[in-house]
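Data block below; observations after.
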Amino acid sequence: MIIKPVVQGVVARTCHPVGCKQAVKNQINYVTQQTPAQTGSTLPKRVLILGASSGFGLSARTALAFGAAKADTLGVSFERGISDKSVGSAGWYNNIWFREFAEQEGRFAGNIVGDAFSSQTREQVVDAIKTHMGGSVDLVIYSLATGVRPNPATGDFWRSVIKPVGEPVTGYSVNIEKGTLESVTMPPASREEIEATEKVMGGEDWQDWIGWLAGQGVLADGFRTVAFSYIGPEQTHALYHHGTLGYAKAHLHKTKDELNQKMASLNGKADIAVCKALVTKASVFIPGLAPYLLALMNVMKQQGTHETCIEQMYRLFYERFYTSSNDSTVTDSNGLIRMDDWELSPDTQSKTIALLEQINPGNFRQMGDYEGFVKEFMQINGFFHPEVDYSQPLNLAELKSLIP
């Protein structure tokens, strides 16, 4: 079977298993080619990643397993394998190949494929920590990206929305399928939609996970936990920072402070890493963010400061999270780790905004880094890797035998 890319709007309907293997390998190669980090802090040896199969979660896992930490890792993700209708998801194969590469280096790399909101998955995680990770973890990374969360009290679901608050907002969105830049008007969210988005994408589940793990006695003394956020420049605030996503992120930030109070008895510490705008499976869905990304990528590549997920996560853990001295983690006045510092530098922003103001449906391919935007999106799904011969058929029976 020869697998070709199929995209509907900004949703990849196919992935390439061999290309996914190359993508994982490329991230590992980046990490192993870096000069070994010199940190004064004790690096984590046992790491739990909630949302480990793609984006920040996969890159964080890679940086810690193949970088100076050489950590054992346990990943949780909700992915689908091969079936009669589909070859499966990119995250499914990312899990498989990551485990294979990590085990070749003598590291434990367990994968639990299941709903991170379910009690069954939480029990599986605790069993795996007790069985394979010495009974406790040093670091918990919360990187779940989902649009739906079950309400255990009612059996219904909370569903997140990407909408402004108060007034409608009109902005451009990239349609990768058609190769167009399209104007989209988003109506304001209702109070119910704001609350549902907070439930799905805020800090409540992060807090529940940490509370559960603490109650089960599987958090090491001095453990740390981190979740990811985004703020961005004023030009993206109407739909993001001041919209439903911003409300959810504000709840996430508040949760950090609550966790720090509750986990004091374990000498635990919770942090929020504010990351830069990146092409991920989640970010391409946000209207108004795509043209900003086109402009930003163009500028930062010219400046030599552009980062993909793996570069961002490597810098986070070895330059900001586990520091080169015994001082505390580098944070801003609000206690946030600002990995968006290069993005928000005055020079970068002035050039990006000047470019953004010129981008329109007729010139976006020339003015912005559209080629780079699409390439990064396709590579997430296993395509556009020059090392892979996509004309070669894949053996479905062999794919079915692969287990995360």
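Ordering of the structure tokens sets the chain letters (A, B, ...), residue numbers begin anew at 1 in every chain, and ligands are numbered from 1 in the order given.
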Selection near A:Val125, 10 Å with only C-alpha atoms, sequence-local residues under 6 positions removed, as a ChimeraX atom specification: /A:48,50,74-76,110-112,116,119,131,213,218
Write a file of the selected residues as a CSV table (one decimal), in the first residue's frame, keeping all heavy atoms.
chain,number,residue,atom,x,y,z
A,48,LEU,N,7.0,11.4,33.8
A,48,LEU,CA,5.7,11.0,33.3
A,48,LEU,C,5.2,12.2,32.4
A,48,LEU,O,5.2,13.3,32.8
A,48,LEU,CB,4.7,10.9,34.4
A,48,LEU,CG,3.2,10.8,34.0
A,48,LEU,CD1,2.9,9.5,33.2
A,48,LEU,CD2,2.3,10.8,35.3
A,50,LEU,N,2.0,13.4,30.2
A,50,LEU,CA,0.6,13.3,29.9
A,50,LEU,C,0.3,14.1,28.6
A,50,LEU,O,0.4,15.3,28.6
A,50,LEU,CB,-0.2,13.9,31.0
A,50,LEU,CG,0.0,13.2,32.4
A,50,LEU,CD1,-0.7,14.0,33.5
A,50,LEU,CD2,-0.5,11.8,32.4
A,74,LEU,N,7.5,7.6,30.8
A,74,LEU,CA,6.2,7.0,30.7
A,74,LEU,C,5.2,8.0,30.0
A,74,LEU,O,5.0,9.0,30.5
A,74,LEU,CB,5.6,6.5,32.0
A,74,LEU,CG,4.2,5.9,32.0
A,74,LEU,CD1,4.2,4.6,31.2
A,74,LEU,CD2,3.7,5.7,33.5
A,75,GLY,N,4.7,7.6,28.8
A,75,GLY,CA,3.9,8.5,28.1
A,75,GLY,C,2.4,8.1,28.0
A,75,GLY,O,2.1,6.9,27.9
A,76,VAL,N,1.5,9.0,28.2
A,76,VAL,CA,0.1,8.8,28.1
A,76,VAL,C,-0.4,9.5,26.9
A,76,VAL,O,-0.2,10.7,26.7
A,76,VAL,CB,-0.6,9.2,29.3
A,76,VAL,CG1,-2.1,9.0,29.2
A,76,VAL,CG2,-0.1,8.5,30.6
A,110,GLY,N,7.7,3.5,28.4
A,110,GLY,CA,6.4,2.9,28.4
A,110,GLY,C,5.4,3.8,27.8
A,110,GLY,O,5.5,5.0,27.9
A,111,ASN,N,4.4,3.2,27.1
A,111,ASN,CA,3.3,3.9,26.5
A,111,ASN,C,2.0,3.4,27.0
A,111,ASN,O,1.7,2.2,26.9
A,111,ASN,CB,3.3,3.8,25.0
A,111,ASN,CG,4.5,4.6,24.3
A,111,ASN,OD1,4.7,5.7,24.6
A,111,ASN,ND2,5.3,3.9,23.5
A,112,ILE,N,1.1,4.3,27.5
A,112,ILE,CA,-0.2,3.9,27.8
A,112,ILE,C,-1.1,4.7,26.9
A,112,ILE,O,-1.2,5.9,26.9
A,112,ILE,CB,-0.5,4.3,29.3
A,112,ILE,CG1,0.3,3.4,30.2
A,112,ILE,CG2,-2.0,4.1,29.6
A,112,ILE,CD1,0.2,3.7,31.7
A,116,ALA,N,-6.8,10.0,29.0
A,116,ALA,CA,-6.1,10.5,30.2
A,116,ALA,C,-7.1,11.0,31.2
A,116,ALA,O,-6.7,11.3,32.4
A,116,ALA,CB,-5.2,11.7,29.8
A,119,SER,N,-10.4,7.1,35.0
A,119,SER,CA,-9.8,6.5,36.2
A,119,SER,C,-9.0,5.2,35.8
A,119,SER,O,-8.0,4.9,36.5
A,119,SER,CB,-10.9,6.1,37.2
A,119,SER,OG,-11.9,5.2,36.7
A,131,THR,N,5.8,-0.5,38.9
A,131,THR,CA,6.4,-1.7,38.3
A,131,THR,C,7.7,-1.4,37.6
A,131,THR,O,8.7,-2.2,37.7
A,131,THR,CB,5.4,-2.4,37.3
A,131,THR,OG1,4.2,-2.7,38.0
A,131,THR,CG2,6.0,-3.7,36.7
A,213,LEU,N,-1.8,11.3,41.8
A,213,LEU,CA,-0.5,10.7,41.9
A,213,LEU,C,0.1,10.9,43.3
A,213,LEU,O,0.7,10.0,43.9
A,213,LEU,CB,0.5,11.4,40.9
A,213,LEU,CG,0.1,11.1,39.4
A,213,LEU,CD1,0.9,12.0,38.5
A,213,LEU,CD2,0.3,9.7,39.1
A,218,VAL,N,3.2,8.2,44.5
A,218,VAL,CA,4.2,7.9,43.4
A,218,VAL,C,4.9,9.2,42.9
A,218,VAL,O,5.5,9.2,41.9
A,218,VAL,CB,3.5,7.2,42.2
A,218,VAL,CG1,3.1,5.8,42.6
A,218,VAL,CG2,2.4,8.0,41.7
All helix (DSSP H, G or I) positions in stretch 331-400 of chain A, as a PyMOL selection string: chain A and resi 346-356+364-367+370-380+396-400
Contacts of A:Ser350 at 12 Å (only C-alpha atoms; same-chain gap of 3+ positions) as a PyMOL selection string: chain A and resi 233-235+295-296+299-300+343-347+353-357
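Secondary structure from DSSP on the backbone puts strand (DSSP E) at the following positions of stretch 235-355 of chain A: Lys269, Ala270, Asp271, Ile272, Ala273, Val274, Ile337 and Arg338 of chain A.
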Neighbour list for A:Trp158 as an MDAnalysis selection string, cut-off 9 Å, only C-alpha atoms, skip fewer than 6 positions in-chain: chainID A and resid 147:151 193 195:197 199:200
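Nearest residue to A:His242, choosing from A:Val388, A:Met297, A:Ala189, A:Leu139 and counting only C-alpha atoms: A:Ala189.
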Test item: residues at most 8 Å from stretch 328-339 of chain A, only C-alpha atoms, excluding those fewer than 5 positions along its chain, as a PyMOL selection string: chain A and resi 271-276+312+316+320-323
Nearest candidate to A:Ala69 (options A:Leu144, A:Phe317, A:Phe373, A:Pro287; using only C-alpha atoms): A:Phe317
Point-to-point distance in Å for atom CA of A:Tyr142 and atom CA of A:Ser89: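 Separation between atom CA of A:Ser89 and atom CA of A:Tyr142: 20.7 Å.
For the pair atom CA of A:Pro188 and atom CA of A:Gly9, the interatomic distance is 22.5 Å.
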Top pick for closest residue to A:Ile3, considering A:Asp115, A:Asp156, A:Asp389, A:Glu192 and counting only C-alpha atoms: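 Distance minimum relative to A:Ile3 lands on A:Asp389.
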Test item: residues at most 9 Å from A:Tyr247, only C-alpha atoms, excluding those fewer than 4 positions along its chain, as a list in words: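 Within the cut-off, the hits are Ile194, Glu195, Thr197, Glu198, Gly202, Tyr240, His241, His242, Gly243, His251 and Leu252 of chain A.
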For A:Tyr30: contacts at 8 Å, only C-alpha atoms, fewer than 3 positions along chain excluded, given as a VMD selection string: chain A and resid 26 to 27 33 to 34 310 to 311
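Minimum distance to A:Val226 across A:Val24, A:Val6, A:Met186, A:Ala60 (counting only C-alpha atoms) occurs at A:Ala60.
Among the candidates A:Ala227, A:Leu219, A:Leu181, A:Ala248, the residue lying nearest to A:Arg365 is A:Leu181 (atoms considered: only C-alpha atoms).
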Distance in Å - atom CA of A:Pro17 versus atom CA of A:Glu387: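 Spanning atom CA of A:Pro17 to atom CA of A:Glu387 is a straight-line distance of 13.3 Å.
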